[in-house]
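Quick notes on the structure that follows.
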Amino acid sequence: MADQQGADQPNMVKRAQPAKLEQNAGSNIKQVIGIMSGKGGVGKSLVCGLLAVEARRKGLKVGILDADITGPSIPHMFGIDTQRITMIGKLLAPAITSTGIKVMSINLMMNNPNDPVIWRGSMIAGCVSQFWTDVAWGDIDVLFVDMPPGTGDVPLTVFQSLPIEGVVIVTSPQDLVSMIVNKAVKMAKEMDVPVLGVVENMSYLKCPHCGERVDIFGKSQIHDIAKEQGLQVLAQLPIDATMAAQIDRGRVEDVEEGLIDAEKVVQDAATVRVKDALIGSGFTFTTDPSQA
Ligand SMILES: Nc1ncnc2c1ncn2[C@@H]1O[C@H](COP(=O)(O)OP(=O)(O)OP(=O)(O)O)[C@@H](O)[C@H]1O
Ligand SMILES: [Mg+2]
């Protein structure tokens with residue numbers, strides 16, 4: 001559990017260090033960021049994909065670990081469903097998208113990607129761990145982990161076994177948004193993983209004809225909820241028919257630029273790591289340096 005210092009400030013939590021999985025000889029991953037939600041279907045995979053695409057556009061070396069074993073959607077979004085995972089020595093080589101993002105997903109290992117994965121939770125969790133231990137990721141500046149929905153077995157495995165630097169919480173603007181965000185925030189806090197911010201997806205409708213913004217769900221509550229939780233709002237993404245069509249055609253790398261500031265998310269995660277190191281060394285903050 002978090003100690004008292006900074007326990008009420010999610011970004012200043014001192015993390016306990018349970019035994020995390022080691023990186024293998026074929027991997028040099030500098031940073032790991034999870035994308036999660038307390039609920040399914042809110043656009044986690046989309047946000048994960050967009051973060052990866054934007055980070056890549058900024059010149060970073062990017063990977064995506066698709067931890068949604070029973071509902072993998074990353075390969076389709078990047079149009080790489082027909083690629084198959086190969087071996088480099090004893091390790092697996094990830095697939096590579098057209099802009100150079102490395103992807104590991106169970107769907108890239110199935111004979112028929114349309115077949116369901118019918119495994120017990122422990123097997124699914126084991127598979128996610130192997131995507132870390134048995135894959136030659138090479139040099140990666142940031143690895144985004146697309147989590148399955150909810151707060152169950154697999155998110156738990158991801159938090160406990162991967163060196164997650166921080167999580168991005170995704171939500172949609174509906175009645176239960178507060179509860180959904182709270183669940184995800186609480187899980188992250190329980191696991192001593194900082195929450196880097198929240199993304200409200202399907203925030204408003206972008207008219208396909210004139211581009212006008214229509215608040216179909218009424219006034220968004222996300223800023224109030226984020227304030228309540230001490231979180232920053234990273235982005236409010238529209239329901240966009242053009243984007244939906246691009247994703248469906250496997251062209252997420254063509255989605256318009258600037259929907260989400262991935263560079264800031266990566267920098268924030270690095271800042272948290274520095275704070276952690278200082279807190280771990282006994283240093284105490286009198287002010288929050290990220291506000292300077
Ligand atoms: N802002 C958006 N505009 C248009 N379509 C969207 C938007 N966000 C998501 N979608 C579409 O909604 C569907 C669900 O999104 P996505 O797969 O990202 O959700 P998810 O939270 O990852 O779902 P799951 O919980 O099943 O993993 C996808 O077909 C996606 O293309
Ligand atoms: Mg998903």
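In the structure tokens, the first chain shown is A, the next is B, and so on; residue numbers restart at 1 for each chain, and ligands run from 1 in the order shown.
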Per residue of chain A within 9 Å of ligand 2, record the nearest atom pair and its distance in Å to one decimal, counting only C-alpha atoms and all ligand atoms, with rows in chain order and ascending residue number, as CSV.
residue,atom,partner,partner_atom_place_in_ligand_line,distance
A:Gly40,CA,ligand 2,1 (Mg),7.4
A:Gly41,CA,ligand 2,1 (Mg),6.7
A:Val42,CA,ligand 2,1 (Mg),8.2
A:Gly43,CA,ligand 2,1 (Mg),6.6
A:Lys44,CA,ligand 2,1 (Mg),5.3
A:Ser45,CA,ligand 2,1 (Mg),4.2
A:Leu46,CA,ligand 2,1 (Mg),7.4
A:Cys48,CA,ligand 2,1 (Mg),8.7
A:Asp66,CA,ligand 2,1 (Mg),8.7
A:Asp68,CA,ligand 2,1 (Mg),6.5
A:Gly71,CA,ligand 2,1 (Mg),6.5
A:Pro72,CA,ligand 2,1 (Mg),6.4
A:Ser73,CA,ligand 2,1 (Mg),5.9
A:Ile74,CA,ligand 2,1 (Mg),7.7
A:Asp146,CA,ligand 2,1 (Mg),6.8
A:Met147,CA,ligand 2,1 (Mg),7.0
A:Pro148,CA,ligand 2,1 (Mg),6.1
A:Pro149,CA,ligand 2,1 (Mg),7.0
Save the residues we just selected, C-alpha atoms, as a PDB file, in the first residue's frame?
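The resulting out_5.pdb:
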ATOM      1  CA  GLY A  40     -16.134  -2.391 -21.508  1.00  0.00           C
ATOM      2  CA  GLY A  41     -16.733  -0.764 -24.854  1.00  0.00           C
ATOM      3  CA  VAL A  42     -15.755   2.771 -23.898  1.00  0.00           C
ATOM      4  CA  GLY A  43     -12.909   3.036 -26.406  1.00  0.00           C
ATOM      5  CA  LYS A  44      -9.829   1.779 -24.519  1.00  0.00           C
ATOM      6  CA  SER A  45      -8.385   0.120 -27.594  1.00  0.00           C
ATOM      7  CA  LEU A  46      -9.016   3.211 -29.688  1.00  0.00           C
ATOM      8  CA  CYS A  48      -4.416   2.909 -26.861  1.00  0.00           C
ATOM      9  CA  ASP A  66      -2.544  -6.323 -26.437  1.00  0.00           C
ATOM     10  CA  ASP A  68      -7.152  -8.152 -24.084  1.00  0.00           C
ATOM     11  CA  GLY A  71     -11.324  -9.490 -27.213  1.00  0.00           C
ATOM     12  CA  PRO A  72      -8.187  -8.419 -29.087  1.00  0.00           C
ATOM     13  CA  SER A  73      -8.847  -5.480 -31.390  1.00  0.00           C
ATOM     14  CA  ILE A  74      -5.416  -3.921 -31.939  1.00  0.00           C
ATOM     15  CA  ASP A 146      -4.323  -2.366 -23.948  1.00  0.00           C
ATOM     16  CA  MET A 147      -6.120  -3.809 -20.928  1.00  0.00           C
ATOM     17  CA  PRO A 148      -9.263  -5.909 -21.050  1.00  0.00           C
ATOM     18  CA  PRO A 149     -12.372  -4.229 -19.612  1.00  0.00           C
TER      19      PRO A 149
END
>> At a cut-off of 12 Å, using only C-alpha atoms, what residues contact Gly59 of chain A? Leave out same-chain residues fewer than 4 positions from it and give the result as a list in words.
In response: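 The residues satisfying every condition are Ala52, Val53, Glu54, Ala55, Thr99, Gly100, Ile101, Ile140, Asp141, Val142, Ala262 and Glu263 of chain A.
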>> Please list as a PyMOL selection string every residue within 10 Å of segment 230-246 of chain A, counting only C-alpha atoms and excluding residues in the same chain fewer than 5 positions away.
In response: chain A and resi 8-11+43+46-47+77-78+168-173+185+195-208+211+213-216+220+222-225+251-256+258-262+264-265
Take the selection from the previous step and output its residues with N, CA and C atoms, as a short mmCIF file (atom, residue, chain, number, x, y, z; two decimals), in the first residue's frame.
data_model
loop_
_atom_site.label_atom_id
_atom_site.label_comp_id
_atom_site.auth_asym_id
_atom_site.auth_seq_id
_atom_site.Cartn_x
_atom_site.Cartn_y
_atom_site.Cartn_z
N ASP A 8 -2.68 10.97 -0.72
CA ASP A 8 -3.88 11.64 -1.19
C ASP A 8 -3.63 12.32 -2.54
N GLN A 9 -2.40 12.19 -3.08
CA GLN A 9 -2.11 12.75 -4.40
C GLN A 9 -1.68 11.61 -5.31
N PRO A 10 -2.58 11.19 -6.21
CA PRO A 10 -2.32 9.99 -7.01
C PRO A 10 -0.98 10.00 -7.70
N ASN A 11 -0.50 11.17 -8.12
CA ASN A 11 0.75 11.19 -8.86
C ASN A 11 1.97 11.19 -7.96
N GLY A 43 -13.89 2.53 -25.46
CA GLY A 43 -12.91 3.04 -26.41
C GLY A 43 -11.47 2.92 -25.92
N LEU A 46 -9.18 2.05 -28.82
CA LEU A 46 -9.02 3.21 -29.69
C LEU A 46 -8.01 4.18 -29.07
N VAL A 47 -8.17 4.47 -27.78
CA VAL A 47 -7.27 5.41 -27.11
C VAL A 47 -5.85 4.86 -27.09
N MET A 77 -7.33 -2.90 -36.01
CA MET A 77 -7.26 -1.44 -36.06
C MET A 77 -6.06 -0.95 -36.88
N PHE A 78 -4.96 -1.73 -36.84
CA PHE A 78 -3.74 -1.35 -37.57
C PHE A 78 -3.62 -2.07 -38.92
N VAL A 168 -3.67 5.29 -17.99
CA VAL A 168 -4.61 6.26 -18.54
C VAL A 168 -5.98 5.62 -18.42
N ILE A 169 -6.92 6.34 -17.82
CA ILE A 169 -8.27 5.78 -17.66
C ILE A 169 -9.18 6.35 -18.74
N VAL A 170 -9.92 5.46 -19.38
CA VAL A 170 -10.83 5.88 -20.45
C VAL A 170 -12.26 5.72 -19.97
N THR A 171 -13.08 6.71 -20.31
CA THR A 171 -14.48 6.62 -19.94
C THR A 171 -15.33 7.23 -21.04
N SER A 172 -16.63 7.03 -20.93
CA SER A 172 -17.56 7.67 -21.88
C SER A 172 -18.55 8.51 -21.06
N PRO A 173 -19.20 9.47 -21.67
CA PRO A 173 -20.02 10.41 -20.90
C PRO A 173 -21.42 9.89 -20.60
N VAL A 185 -9.79 4.13 -10.80
CA VAL A 185 -8.84 4.91 -9.98
C VAL A 185 -8.49 4.13 -8.72
N VAL A 195 -2.18 7.30 -11.65
CA VAL A 195 -3.09 7.56 -12.77
C VAL A 195 -2.59 8.82 -13.47
N LEU A 196 -2.27 8.68 -14.75
CA LEU A 196 -1.70 9.80 -15.50
C LEU A 196 -2.77 10.77 -15.98
N GLY A 197 -4.01 10.30 -16.04
CA GLY A 197 -5.10 11.18 -16.45
C GLY A 197 -6.25 10.37 -17.01
N VAL A 198 -7.29 11.10 -17.38
CA VAL A 198 -8.49 10.44 -17.88
C VAL A 198 -8.84 10.97 -19.27
N VAL A 199 -9.30 10.07 -20.12
CA VAL A 199 -9.76 10.46 -21.47
C VAL A 199 -11.25 10.21 -21.54
N GLU A 200 -12.00 11.23 -21.91
CA GLU A 200 -13.43 11.02 -22.14
C GLU A 200 -13.62 10.77 -23.63
N ASN A 201 -14.02 9.53 -23.95
CA ASN A 201 -14.25 9.18 -25.35
C ASN A 201 -15.74 9.34 -25.67
N MET A 202 -16.05 9.53 -26.94
CA MET A 202 -17.44 9.73 -27.39
C MET A 202 -18.07 10.89 -26.63
N SER A 203 -17.24 11.88 -26.39
CA SER A 203 -17.61 13.02 -25.57
C SER A 203 -18.74 13.84 -26.20
N TYR A 204 -18.66 13.99 -27.50
CA TYR A 204 -19.67 14.74 -28.25
C TYR A 204 -19.69 14.21 -29.68
N LEU A 205 -20.68 14.61 -30.43
CA LEU A 205 -20.78 14.14 -31.82
C LEU A 205 -20.18 15.19 -32.75
N LYS A 206 -19.31 14.72 -33.64
CA LYS A 206 -18.78 15.64 -34.65
C LYS A 206 -19.58 15.40 -35.92
N CYS A 207 -20.35 16.40 -36.32
CA CYS A 207 -21.22 16.22 -37.49
C CYS A 207 -20.39 15.86 -38.72
N PRO A 208 -20.72 14.71 -39.38
CA PRO A 208 -19.93 14.29 -40.55
C PRO A 208 -20.04 15.26 -41.72
N GLY A 211 -19.00 19.24 -39.44
CA GLY A 211 -17.96 19.22 -38.40
C GLY A 211 -18.38 19.89 -37.11
N ARG A 213 -19.93 20.65 -33.45
CA ARG A 213 -19.93 19.86 -32.22
C ARG A 213 -21.34 19.80 -31.64
N VAL A 214 -21.83 18.58 -31.39
CA VAL A 214 -23.17 18.42 -30.80
C VAL A 214 -23.02 17.64 -29.49
N ASP A 215 -23.43 18.25 -28.38
CA ASP A 215 -23.30 17.60 -27.06
C ASP A 215 -24.50 16.68 -26.84
N ILE A 216 -24.48 15.51 -27.46
CA ILE A 216 -25.68 14.65 -27.41
C ILE A 216 -25.94 14.07 -26.02
N SER A 220 -20.86 17.64 -20.31
CA SER A 220 -19.94 16.61 -19.80
C SER A 220 -19.63 16.84 -18.32
N ILE A 222 -17.00 15.31 -16.97
CA ILE A 222 -15.65 14.75 -16.77
C ILE A 222 -14.73 15.69 -15.99
N HIS A 223 -14.87 17.01 -16.23
CA HIS A 223 -13.96 17.92 -15.51
C HIS A 223 -14.25 17.91 -14.01
N ASP A 224 -15.55 17.82 -13.65
CA ASP A 224 -15.91 17.76 -12.22
C ASP A 224 -15.38 16.49 -11.59
N ILE A 225 -15.57 15.35 -12.29
CA ILE A 225 -15.12 14.06 -11.75
C ILE A 225 -13.60 14.04 -11.62
N ARG A 251 -6.98 1.53 -40.58
CA ARG A 251 -6.15 2.69 -40.90
C ARG A 251 -6.06 3.68 -39.74
N VAL A 252 -5.91 3.16 -38.53
CA VAL A 252 -5.82 4.07 -37.38
C VAL A 252 -4.63 5.02 -37.51
N GLU A 253 -3.62 4.59 -38.30
CA GLU A 253 -2.44 5.46 -38.47
C GLU A 253 -2.74 6.66 -39.37
N ASP A 254 -3.94 6.67 -40.00
CA ASP A 254 -4.32 7.81 -40.84
C ASP A 254 -5.22 8.80 -40.10
N VAL A 255 -5.62 8.47 -38.87
CA VAL A 255 -6.52 9.36 -38.12
C VAL A 255 -5.85 10.72 -37.93
N GLU A 256 -6.65 11.77 -37.99
CA GLU A 256 -6.09 13.14 -37.91
C GLU A 256 -5.18 13.31 -36.69
N GLY A 258 -3.18 15.07 -33.48
CA GLY A 258 -3.43 16.02 -32.39
C GLY A 258 -4.65 15.75 -31.53
N LEU A 259 -5.29 14.57 -31.68
CA LEU A 259 -6.47 14.30 -30.85
C LEU A 259 -6.08 14.09 -29.39
N ILE A 260 -4.87 13.61 -29.17
CA ILE A 260 -4.42 13.37 -27.80
C ILE A 260 -2.91 13.63 -27.74
N ASP A 261 -2.47 14.24 -26.65
CA ASP A 261 -1.06 14.61 -26.53
C ASP A 261 -0.26 13.46 -25.89
N ALA A 262 0.17 12.54 -26.73
CA ALA A 262 0.87 11.34 -26.23
C ALA A 262 2.22 11.71 -25.62
N LYS A 264 2.99 14.29 -23.92
CA LYS A 264 2.80 14.75 -22.54
C LYS A 264 2.56 13.57 -21.59
N VAL A 265 1.78 12.60 -22.07
CA VAL A 265 1.50 11.41 -21.24
C VAL A 265 2.82 10.69 -20.92
#
> DSSP on the backbone: what in segment 73-189 of chain A comes out strand (DSSP E), as a list of chain:residue names?
Replying inline: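 Those residues are A:Thr86, A:Met87, A:Ile88, A:Leu91, A:Leu92, A:Ala93, A:Ala95, A:Ile96, A:Lys102, A:Val103, A:Met104, A:Gly138, A:Asp139, A:Ile140, A:Val142, A:Leu143, A:Phe144, A:Val145, A:Asp146, A:Gly166, A:Val167, A:Val168, A:Ile169, A:Val170, A:Thr171.
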> From the list A:Arg57, A:Lys30, A:Gly150, A:Leu65, which residue is nearest ligand 1 when using only C-alpha atoms and all ligand atoms?
Replying inline: A:Gly150
>> Could you tell me how far atom CA of Leu50 of chain A sits from atom 6 (C, counted along the ligand's line) of ligand 1, in Å to one decimal place?
In response: 11.6 Å
